[in-house]
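Participant: Below is model19.csv; it holds CSV, C-alpha atoms.
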```csv
chain,number,residue,atom,x,y,z
V,1,MET,CA,91.6,1.1,-37.4
V,2,GLY,CA,94.2,0.4,-40.0
V,3,ILE,CA,94.3,-2.6,-42.3
V,4,GLN,CA,97.2,-4.0,-40.4
V,5,ASP,CA,95.1,-4.0,-37.2
V,6,VAL,CA,92.3,-5.8,-39.0
V,7,ILE,CA,94.8,-8.5,-40.1
V,8,GLU,CA,96.3,-8.7,-36.7
V,9,GLY,CA,92.9,-8.9,-35.1
V,10,LYS,CA,91.9,-11.8,-37.5
V,11,LYS,CA,95.1,-13.7,-36.8
V,12,GLN,CA,94.5,-13.3,-33.0
V,13,TRP,CA,90.9,-14.4,-33.4
V,14,ARG,CA,91.9,-17.5,-35.4
V,15,ALA,CA,94.5,-18.4,-32.8
V,16,HIS,CA,91.9,-18.0,-30.1
V,17,LEU,CA,89.5,-20.3,-31.9
V,18,ALA,CA,92.2,-22.8,-32.4
V,19,ARG,CA,92.8,-22.9,-28.6
V,20,VAL,CA,89.0,-23.4,-28.1
V,21,LYS,CA,89.0,-26.2,-30.5
V,22,ALA,CA,91.8,-27.9,-28.6
V,23,LEU,CA,89.8,-28.0,-25.4
V,24,PRO,CA,88.1,-31.2,-24.3
V,25,PRO,CA,84.5,-31.5,-25.6
V,26,ASP,CA,82.7,-30.5,-22.4
V,27,TYR,CA,84.8,-27.4,-22.1
V,28,ARG,CA,84.3,-26.6,-25.7
V,29,ILE,CA,80.5,-26.9,-25.5
V,30,VAL,CA,80.4,-24.7,-22.4
V,31,TYR,CA,82.7,-22.1,-23.9
V,32,LYS,CA,80.7,-21.8,-27.1
V,33,GLU,CA,77.4,-21.4,-25.3
V,34,MET,CA,79.0,-18.8,-23.0
V,35,GLN,CA,80.3,-16.9,-26.0
V,36,LYS,CA,76.8,-16.8,-27.5
V,37,TYR,CA,75.4,-15.4,-24.3
V,38,LEU,CA,78.2,-12.9,-23.9
V,39,PHE,CA,77.7,-11.6,-27.5
V,40,ARG,CA,74.1,-11.0,-26.6
V,41,VAL,CA,74.8,-9.3,-23.3
V,42,GLY,CA,77.5,-7.3,-25.2
V,43,PRO,CA,80.0,-6.0,-22.6
V,44,VAL,CA,81.9,-3.1,-24.1
V,45,GLY,CA,85.3,-4.4,-25.5
V,46,LEU,CA,84.3,-8.0,-25.7
V,47,LEU,CA,86.0,-8.7,-29.0
V,48,ASP,CA,89.3,-6.9,-28.5
V,49,GLY,CA,89.6,-7.2,-24.7
V,50,PRO,CA,91.1,-9.9,-22.5
V,51,LEU,CA,87.8,-11.5,-21.4
V,52,LEU,CA,87.5,-14.3,-23.9
V,53,PRO,CA,91.2,-15.4,-24.0
V,54,GLY,CA,91.1,-15.2,-20.2
V,55,ILE,CA,88.3,-17.7,-20.1
V,56,VAL,CA,90.3,-20.1,-22.3
V,57,ASP,CA,93.4,-19.6,-20.0
V,58,PHE,CA,91.2,-20.4,-17.0
V,59,PHE,CA,89.7,-23.4,-18.8
V,60,GLU,CA,93.1,-24.8,-19.8
V,61,GLU,CA,94.1,-24.7,-16.1
V,62,GLY,CA,91.0,-26.6,-15.2
V,63,VAL,CA,91.8,-29.2,-17.9
V,64,ALA,CA,95.3,-29.5,-16.6
V,65,ALA,CA,94.0,-30.1,-13.0
V,66,GLY,CA,91.8,-32.9,-14.4
V,67,LYS,CA,88.5,-31.2,-13.6
V,68,GLY,CA,85.2,-31.3,-15.4
V,69,VAL,CA,84.0,-28.0,-16.7
V,70,LEU,CA,81.0,-27.7,-14.4
V,71,GLU,CA,83.1,-28.8,-11.4
V,72,LEU,CA,85.3,-25.8,-12.2
V,73,ILE,CA,82.6,-23.1,-12.7
V,74,GLY,CA,79.5,-24.6,-11.1
V,75,SER,CA,76.3,-25.7,-12.8
V,76,ASP,CA,74.9,-22.2,-13.1
V,77,VAL,CA,76.9,-21.2,-16.2
V,78,ALA,CA,74.9,-18.0,-16.6
V,79,ALA,CA,75.7,-16.9,-13.1
V,80,PHE,CA,79.4,-17.5,-13.9
V,81,CYS,CA,79.1,-15.3,-17.0
V,82,ASP,CA,77.3,-12.6,-15.1
V,83,GLY,CA,80.2,-12.7,-12.6
V,84,LEU,CA,82.6,-12.2,-15.5
V,85,VAL,CA,80.9,-9.1,-16.8
V,86,LYS,CA,79.8,-7.7,-13.5
V,87,ASP,CA,80.6,-3.9,-13.2
V,88,SER,CA,81.6,-3.8,-16.9
V,89,PRO,CA,79.3,-1.6,-19.0
V,90,THR,CA,77.4,-3.2,-21.9
V,91,TYR,CA,76.4,-1.7,-25.2
V,92,ALA,CA,72.8,-1.8,-23.9
V,93,ASP,CA,73.9,0.2,-20.8
V,94,ALA,CA,75.5,2.8,-23.1
V,95,TYR,CA,72.3,3.1,-25.0
V,96,GLN,CA,70.1,3.3,-21.9
V,97,GLU,CA,72.5,5.9,-20.5
V,98,SER,CA,72.2,8.0,-23.6
V,99,LEU,CA,68.4,7.9,-23.1
V,100,GLY,CA,68.5,8.4,-19.3
V,101,GLY,CA,71.2,11.0,-19.5
V,102,LYS,CA,69.3,13.1,-22.0
V,103,SER,CA,66.0,13.0,-20.2
V,104,ARG,CA,67.7,13.6,-16.8
V,105,THR,CA,68.9,17.0,-17.9
V,106,THR,CA,65.4,18.0,-19.1
V,107,GLY,CA,64.0,16.7,-15.8
V,108,LYS,CA,65.9,19.2,-13.7
B,1,MET,CA,76.5,-25.0,5.2
B,2,ASP,CA,74.4,-25.0,2.0
B,3,ASP,CA,72.6,-22.3,0.1
B,4,LEU,CA,74.8,-19.4,1.2
B,5,THR,CA,75.3,-18.0,-2.3
B,6,GLU,CA,72.9,-15.1,-2.0
B,7,MET,CA,74.1,-14.1,1.4
B,8,LEU,CA,77.7,-14.4,0.5
B,9,LYS,CA,77.3,-12.1,-2.5
B,10,GLY,CA,79.2,-8.9,-1.8
B,11,THR,CA,81.2,-10.3,1.0
B,12,LEU,CA,83.2,-13.0,-0.9
B,13,GLU,CA,85.2,-10.3,-2.6
B,14,GLY,CA,86.3,-9.0,0.8
B,15,CYS,CA,87.2,-12.6,1.9
B,16,VAL,CA,89.3,-13.0,-1.2
B,17,LEU,CA,91.1,-9.7,-0.6
B,18,GLU,CA,91.8,-10.8,3.0
B,19,ILE,CA,93.3,-14.2,1.8
B,20,ILE,CA,95.5,-12.4,-0.8
B,21,ALA,CA,96.6,-9.9,1.9
B,22,GLY,CA,98.0,-12.9,3.9
B,23,GLU,CA,100.3,-14.0,1.1
B,24,GLU,CA,100.7,-13.9,-2.7
B,25,THR,CA,98.5,-16.8,-3.9
B,26,TYR,CA,96.6,-18.2,-6.9
B,27,GLY,CA,92.9,-19.0,-7.7
B,28,TYR,CA,92.9,-22.7,-6.9
B,29,ALA,CA,94.5,-22.2,-3.5
B,30,ILE,CA,92.1,-19.4,-2.6
B,31,THR,CA,89.2,-21.6,-3.5
B,32,ARG,CA,90.5,-24.4,-1.3
B,33,GLN,CA,91.0,-22.0,1.6
B,34,LEU,CA,87.3,-20.8,1.3
B,35,ASN,CA,86.1,-24.4,1.0
B,36,ASP,CA,88.1,-25.3,4.1
B,37,LEU,CA,86.6,-22.3,5.9
B,38,GLY,CA,83.2,-23.9,5.4
B,39,PHE,CA,82.1,-22.1,2.3
B,40,THR,CA,81.8,-25.4,0.4
B,41,ASP,CA,79.7,-24.2,-2.4
B,42,VAL,CA,82.3,-21.8,-3.7
B,43,VAL,CA,83.8,-23.1,-6.9
B,44,GLU,CA,87.0,-22.0,-8.7
B,45,GLY,CA,84.9,-20.2,-11.3
B,46,THR,CA,83.4,-17.9,-8.6
B,47,VAL,CA,86.9,-17.0,-7.4
B,48,TYR,CA,88.0,-16.5,-11.0
B,49,THR,CA,85.3,-13.9,-11.6
B,50,ILE,CA,86.3,-12.1,-8.4
B,51,LEU,CA,90.0,-12.1,-9.2
B,52,LEU,CA,89.1,-10.8,-12.7
B,53,ARG,CA,87.3,-7.9,-11.1
B,54,LEU,CA,90.1,-7.1,-8.6
B,55,GLU,CA,92.5,-7.1,-11.6
B,56,ARG,CA,90.2,-4.9,-13.7
B,57,ASN,CA,89.8,-2.5,-10.7
B,58,LYS,CA,93.6,-2.4,-10.3
B,59,LEU,CA,93.5,-3.7,-6.7
B,60,VAL,CA,96.0,-6.5,-7.2
B,61,GLN,CA,99.4,-7.1,-8.7
B,62,VAL,CA,99.4,-10.1,-11.0
B,63,THR,CA,102.5,-12.3,-11.8
B,64,LYS,CA,102.5,-15.3,-14.1
B,65,ARG,CA,104.6,-18.1,-12.9
B,66,PRO,CA,105.2,-21.5,-14.5
B,67,SER,CA,103.4,-24.4,-12.7
B,68,GLY,CA,104.3,-28.0,-12.5
B,69,VAL,CA,101.4,-29.1,-14.6
B,70,GLY,CA,99.7,-27.3,-17.4
B,71,PRO,CA,99.9,-23.6,-18.3
B,72,PRO,CA,101.5,-20.9,-16.2
B,73,ARG,CA,99.6,-19.8,-13.1
B,74,LYS,CA,98.6,-16.3,-12.2
B,75,PHE,CA,99.6,-15.2,-8.7
B,76,TYR,CA,97.9,-12.3,-7.0
B,77,ALA,CA,99.2,-9.9,-4.4
B,78,LEU,CA,97.5,-6.8,-3.0
B,79,ASN,CA,98.8,-3.4,-4.0
B,80,ASP,CA,98.2,-0.2,-2.0
B,81,ALA,CA,94.7,0.4,-3.5
B,82,GLY,CA,93.8,-3.2,-2.6
B,83,CYS,CA,94.9,-2.7,1.0
B,84,GLU,CA,92.7,0.3,1.2
B,85,GLU,CA,89.8,-1.6,-0.3
B,86,LEU,CA,90.3,-4.3,2.2
B,87,ALA,CA,90.3,-1.8,5.1
B,88,LYS,CA,87.1,-0.4,3.7
B,89,PHE,CA,85.6,-3.8,3.5
B,90,TRP,CA,86.2,-4.6,7.2
B,91,THR,CA,84.9,-1.2,8.2
B,92,LYS,CA,81.7,-1.9,6.3
B,93,TRP,CA,81.5,-5.4,7.6
B,94,GLN,CA,81.8,-4.2,11.2
B,95,TYR,CA,79.1,-1.6,10.6
B,96,VAL,CA,76.6,-4.0,9.0
B,97,SER,CA,77.2,-6.9,11.4
B,98,SER,CA,76.9,-4.6,14.5
B,99,ARG,CA,73.6,-3.1,13.2
B,100,ILE,CA,72.2,-6.6,12.5
B,101,ASP,CA,73.2,-7.8,15.9
B,102,ARG,CA,71.6,-4.7,17.4
B,103,LEU,CA,68.4,-5.4,15.5
B,104,ARG,CA,68.3,-9.0,16.7
B,105,GLU,CA,68.9,-8.0,20.3
B,106,GLY,CA,66.3,-5.3,20.2
B,107,GLY,CA,63.8,-7.7,18.6
B,108,ARG,CA,63.8,-10.0,21.6
O,1,MET,CA,49.2,9.3,-29.2
O,2,ASN,CA,48.3,8.3,-32.7
O,3,PHE,CA,50.2,5.0,-32.5
O,4,TRP,CA,48.0,3.9,-29.7
O,5,GLU,CA,44.8,4.9,-31.2
O,6,THR,CA,45.4,3.1,-34.5
O,7,VAL,CA,46.9,0.0,-33.0
O,8,THR,CA,44.8,-0.6,-29.9
O,9,GLY,CA,41.2,-1.2,-29.4
O,10,GLY,CA,38.7,1.2,-27.9
O,11,ASP,CA,39.1,0.2,-24.3
O,12,LEU,CA,42.8,0.7,-24.4
O,13,THR,CA,42.5,4.1,-26.0
O,14,ARG,CA,40.2,5.0,-23.2
O,15,ASP,CA,42.7,3.8,-20.6
O,16,TRP,CA,45.4,5.7,-22.4
O,17,LYS,CA,43.3,8.9,-22.5
O,18,ALA,CA,42.6,8.5,-18.8
O,19,PHE,CA,46.3,8.2,-18.0
O,20,GLU,CA,47.1,11.3,-20.0
O,21,ALA,CA,44.4,13.3,-18.2
O,22,ARG,CA,45.8,12.2,-14.9
O,23,ALA,CA,49.3,13.1,-16.0
O,24,GLU,CA,48.1,16.6,-17.1
O,25,ALA,CA,47.3,17.3,-13.4
O,26,LEU,CA,50.8,16.5,-12.2
O,27,PRO,CA,53.5,19.1,-11.5
O,28,ASP,CA,56.0,19.7,-14.3
O,29,ASP,CA,58.8,17.4,-13.0
O,30,CYS,CA,56.4,14.5,-12.5
O,31,ARG,CA,55.0,15.0,-16.0
O,32,VAL,CA,58.5,14.9,-17.5
O,33,ALA,CA,59.2,11.7,-15.5
O,34,TRP,CA,56.0,10.2,-16.8
O,35,GLY,CA,57.1,10.9,-20.4
O,36,GLN,CA,60.4,9.1,-19.7
O,37,ILE,CA,58.7,6.1,-18.1
O,38,LYS,CA,56.5,5.7,-21.2
O,39,VAL,CA,59.5,5.8,-23.5
O,40,HIS,CA,61.3,3.2,-21.5
O,41,LEU,CA,58.3,0.9,-21.0
O,42,LEU,CA,57.1,0.9,-24.5
O,43,PRO,CA,59.7,-1.6,-25.8
O,44,HIS,CA,58.4,-4.1,-23.2
O,45,GLY,CA,54.8,-4.0,-24.4
O,46,ASP,CA,53.3,-6.7,-26.6
O,47,PHE,CA,51.6,-5.6,-29.8
O,48,THR,CA,48.5,-4.2,-28.2
O,49,GLY,CA,50.3,-2.7,-25.2
O,50,ARG,CA,47.7,-4.4,-23.0
O,51,ASN,CA,50.2,-6.0,-20.7
O,52,LEU,CA,51.6,-2.5,-19.9
O,53,THR,CA,48.4,-0.9,-18.8
O,54,PRO,CA,48.6,-2.0,-15.1
O,55,ILE,CA,52.2,-1.2,-15.0
O,56,LEU,CA,51.7,2.3,-16.3
O,57,ASP,CA,48.8,2.7,-14.0
O,58,ALA,CA,51.0,1.8,-11.0
O,59,ALA,CA,53.8,4.1,-12.1
O,60,LEU,CA,51.4,7.0,-12.6
O,61,GLY,CA,49.9,6.3,-9.2
O,62,LEU,CA,53.4,6.5,-7.7
O,63,LEU,CA,54.0,9.9,-9.3
O,64,GLU,CA,50.6,11.1,-8.1
O,65,GLU,CA,51.4,10.1,-4.6
O,66,ALA,CA,54.7,11.8,-4.8
O,67,ALA,CA,53.1,15.0,-6.0
O,68,ALA,CA,50.5,14.8,-3.2
O,69,GLU,CA,53.3,14.5,-0.6
O,70,GLY,CA,55.1,17.4,-2.1
O,71,GLN,CA,58.0,15.2,-3.2
O,72,SER,CA,59.9,15.6,-6.5
O,73,ALA,CA,59.9,12.9,-9.1
O,74,HIS,CA,63.6,12.5,-8.5
O,75,GLU,CA,63.0,11.7,-4.9
O,76,VAL,CA,60.7,8.8,-5.6
O,77,LEU,CA,62.3,7.5,-8.8
O,78,GLY,CA,66.0,8.1,-8.2
O,79,ASP,CA,68.6,8.8,-10.9
O,80,ASP,CA,68.1,5.7,-12.9
O,81,ILE,CA,64.8,5.9,-14.6
O,82,PRO,CA,65.6,3.1,-17.2
O,83,GLY,CA,66.6,0.8,-14.3
O,84,PHE,CA,63.4,1.7,-12.5
O,85,CYS,CA,61.4,0.8,-15.5
O,86,VAL,CA,63.1,-2.5,-15.9
O,87,ALA,CA,62.4,-3.2,-12.3
O,88,LEU,CA,58.8,-2.2,-12.8
O,89,VAL,CA,58.4,-4.6,-15.7
O,90,GLY,CA,60.2,-7.4,-13.9
O,91,GLY,CA,58.0,-6.9,-10.9
O,92,GLY,CA,55.0,-7.1,-13.1
O,93,GLY,CA,55.9,-10.7,-14.0
O,94,ALA,CA,57.3,-10.0,-17.4
O,95,ARG,CA,60.6,-11.6,-18.2
O,96,THR,CA,63.5,-9.5,-19.4
O,97,HIS,CA,65.5,-10.6,-22.3
O,98,ARG,CA,68.5,-11.1,-20.2
O,99,ASP,CA,66.6,-13.6,-18.0
O,100,ARG,CA,65.5,-15.5,-21.1
O,101,TRP,CA,69.1,-15.6,-22.4
O,102,ARG,CA,70.3,-16.9,-19.0
O,103,GLU,CA,67.8,-19.7,-19.0
O,104,GLN,CA,68.7,-20.6,-22.6
O,105,LEU,CA,72.4,-20.7,-21.8
O,106,ASN,CA,71.9,-23.1,-18.9
O,107,ARG,CA,69.4,-25.2,-20.8
O,108,ASN,CA,71.7,-25.6,-23.8
O,109,VAL,CA,74.7,-26.4,-21.7
O,110,ALA,CA,72.7,-29.1,-19.8
O,111,ARG,CA,71.3,-30.6,-22.9
O,112,LYS,CA,74.5,-30.7,-24.9
O,113,LEU,CA,76.6,-32.0,-21.9
O,114,SER,CA,74.1,-34.8,-21.3
O,115,ARG,CA,74.2,-35.8,-24.9
O,116,LEU,CA,78.0,-35.9,-24.6
O,117,GLY,CA,77.8,-38.2,-21.6
O,118,GLY,CA,75.2,-40.5,-23.1
```
What would the structure in this file look like if it were written as structure tokens?
Facilitator:
Amino acid sequence: MGIQDVIEGKKQWRAHLARVKALPPDYRIVYKEMQKYLFRVGPVGLLDGPLLPGIVDFFEEGVAAGKGVLELIGSDVAAFCDGLVKDSPTYADAYQESLGGKSRTTGK
Amino acid sequence: MDDLTEMLKGTLEGCVLEIIAGEETYGYAITRQLNDLGFTDVVEGTVYTILLRLERNKLVQVTKRPSGVGPPRKFYALNDAGCEELAKFWTKWQYVSSRIDRLREGGR
Amino acid sequence: MNFWETVTGGDLTRDWKAFEARAEALPDDCRVAWGQIKVHLLPHGDFTGRNLTPILDAALGLLEEAAAEGQSAHEVLGDDIPGFCVALVGGGGARTHRDRWREQLNRNVARKLSRLGG
């Protein structure tokens, strides 16, 4: 990654945070809690992929439609997050795979 | 009917594919259609996570179009891989439902 | 198993030795699988490892049954040994981290949104 990419990445991240800040309070609260959870779960590509900006796109649509955030995504926010990252590998998966993959070859 | 969430898991994706196969459409309209069908617990967030997966798995063609209110809307249409996936879904559904019916008839 | 002997009390060391003796009697592939199960379950144990004893016992029992039936370890455990271990631990009543994070997320959201409304 070159220095230009780092600067670009920072700019994009700041722009992203500005959009989050512009959301109504209930959306902002839910977004921030979701982000915390997603950082822990750690789907591969979380920081440079389309997932987080996509959530803000989706939330902006919900705001425009005059909906409350839980009306939009349901009250089980964790289930919504799990749906977002379903089928995408996490860093933990990658780690487990390295353990499982190694031992599998010795097992045969 | 309430409390279908667990049972619907795994089939909602097929339902969404079927709805998109009918015509190019967007998340909110898909959710309304599922609600009208009787799946009243399905919220937009659920459909959003499904659409995200369909897009990630390259089963749909996505087009952004301006909407009357708020940010542009994403419209979804099935591509060839999506059509194949839908056909597979119906085959599996046929198989599962016929076996379950058989189990029930045999159990009497 | 020095770690266990230094950290755990006498009864646990005894359990552990009994496990190892049973594992010694298993066919090779089951013994390898046993080693993998231990590696994957250890992070779930509390400091003394006491909460793991029944789980390890059950897993070992499963392998013994497989061996007695002439099945391979692969046939009873499948490809995903880490996943199997998580399921084992979950089934034993232990909470995985992810479950705790889920609960925390929903709790925080509920608390902060209610504060907003009030």
Participant: Mind checking which residues fall within 9 Å of Ala65 (chain V), counting all atoms listed in the file, ignoring those fewer than 4 positions away in the same chain, and posting them as a list in words?
Facilitator: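 So the residues in contact are Glu60 and Glu61 of chain V; Val69 and Gly70 of chain B.
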Participant: Hey, could you make a per-residue contact list for chain O against chain V with 9 Å as the cut-off, showing the nearest pair of atoms and its distance in Å to one decimal, counting only C-alpha atoms, sorted by chain and number, as a Markdown table?
Facilitator:
```
| residue | atom | partner | partner_atom | distance |
| --- | --- | --- | --- | --- |
| O:Asp28 | CA | V:Gly107 | CA | 8.7 |
| O:Asp29 | CA | V:Gly107 | CA | 5.9 |
| O:Cys30 | CA | V:Gly107 | CA | 8.6 |
| O:Val32 | CA | V:Gly107 | CA | 6.0 |
| O:Ala33 | CA | V:Gly107 | CA | 6.9 |
| O:Gln36 | CA | V:Ser103 | CA | 6.8 |
| O:His40 | CA | V:Leu99 | CA | 8.7 |
| O:Ala73 | CA | V:Gly107 | CA | 8.7 |
| O:His74 | CA | V:Gly107 | CA | 8.4 |
| O:Asp79 | CA | V:Arg104 | CA | 7.7 |
| O:Asp80 | CA | V:Gly100 | CA | 7.0 |
| O:Ile81 | CA | V:Gly100 | CA | 6.5 |
| O:Pro82 | CA | V:Gly100 | CA | 6.4 |
| O:Gly83 | CA | V:Gln96 | CA | 8.7 |
| O:Arg98 | CA | V:Val41 | CA | 7.2 |
| O:Trp101 | CA | V:Tyr37 | CA | 6.6 |
| O:Arg102 | CA | V:Ala78 | CA | 5.3 |
| O:Glu103 | CA | V:Ala78 | CA | 7.7 |
| O:Gln104 | CA | V:Tyr37 | CA | 8.6 |
| O:Leu105 | CA | V:Glu33 | CA | 6.1 |
| O:Asn106 | CA | V:Val77 | CA | 6.0 |
| O:Asn108 | CA | V:Glu33 | CA | 7.2 |
| O:Val109 | CA | V:Val30 | CA | 6.0 |
| O:Ala110 | CA | V:Ser75 | CA | 8.6 |
| O:Lys112 | CA | V:Ile29 | CA | 7.1 |
| O:Leu113 | CA | V:Asp26 | CA | 6.3 |
| O:Leu116 | CA | V:Asp26 | CA | 7.5 |
```
Participant: Have a look at V:Pro43, V:Pro24, V:Gly54, V:Gly66 and name the one nearest to Lys86 (chain V); count all atoms listed in the file.
Facilitator: V:Pro43
Participant: Find the spatial neighbours of region 82-97 of chain B, counting all atoms listed in the file, within a cut-off of 10 Å - ignore same-chain residues fewer than 2 positions away - and output them as an NGL selection string.
Facilitator: :B and (10-11 or 13-18 or 20-21 or 54-55 or 57-61 or 77-80 or 99-103)
Participant: For chain V against chain B, with a cut-off of 6 Å and counting only C-alpha atoms, what is the closest atom pair and its distance in Å to one decimal for every residue that makes the cut, ordered by chain and number, as JSON lines?
Facilitator:
```
{"residue": "V:Ala64", "atom": "CA", "partner": "B:Gly70", "partner_atom": "CA", "distance": 5.0}
{"residue": "V:Leu72", "atom": "CA", "partner": "B:Glu44", "partner_atom": "CA", "distance": 5.4}
{"residue": "V:Ile73", "atom": "CA", "partner": "B:Gly45", "partner_atom": "CA", "distance": 4.0}
{"residue": "V:Gly83", "atom": "CA", "partner": "B:Thr49", "partner_atom": "CA", "distance": 5.3}
{"residue": "V:Leu84", "atom": "CA", "partner": "B:Thr49", "partner_atom": "CA", "distance": 5.0}
```
Participant: What is the distance, in Å and to one decimal place, between CA of Gly62 (chain V) and CA of Gly42 (chain V)?
Facilitator: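 It comes out at 25.6 Å.
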Participant: Report, in Å to a single decimal, how far apart CA of Leu52 (chain V) and CA of Asn35 (chain B) are.
Facilitator: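 These two atoms are separated by 26.9 Å.
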Participant: Show which residues sit within 12 Å of Arg22 (chain O), as a count of residues only. Count only C-alpha atoms, and ignore same-chain residues fewer than 6 positions away.
Facilitator: 15
Participant: Please indicate the distance in Å from CA of Gly22 (chain B) to CA of Phe75 (chain B), rounded to one decimal place.
Facilitator: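 We find that CA of Gly22 (chain B) and CA of Phe75 (chain B) lie 12.9 Å from each other.
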Participant: Excluding same-chain residues fewer than 2 positions from Gln12 (chain V), what lies within 12 Å of it counting all atoms listed in the file, as a count of residues only?
Facilitator: 18
Participant: When distances are computed from only C-alpha atoms, which of V:Leu23, V:Val63, V:Arg28, V:Val85 shows the smallest separation from Leu51 (chain V)?
Facilitator: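 Among the listed residues, V:Val85 lies closest to Leu51 (chain V).
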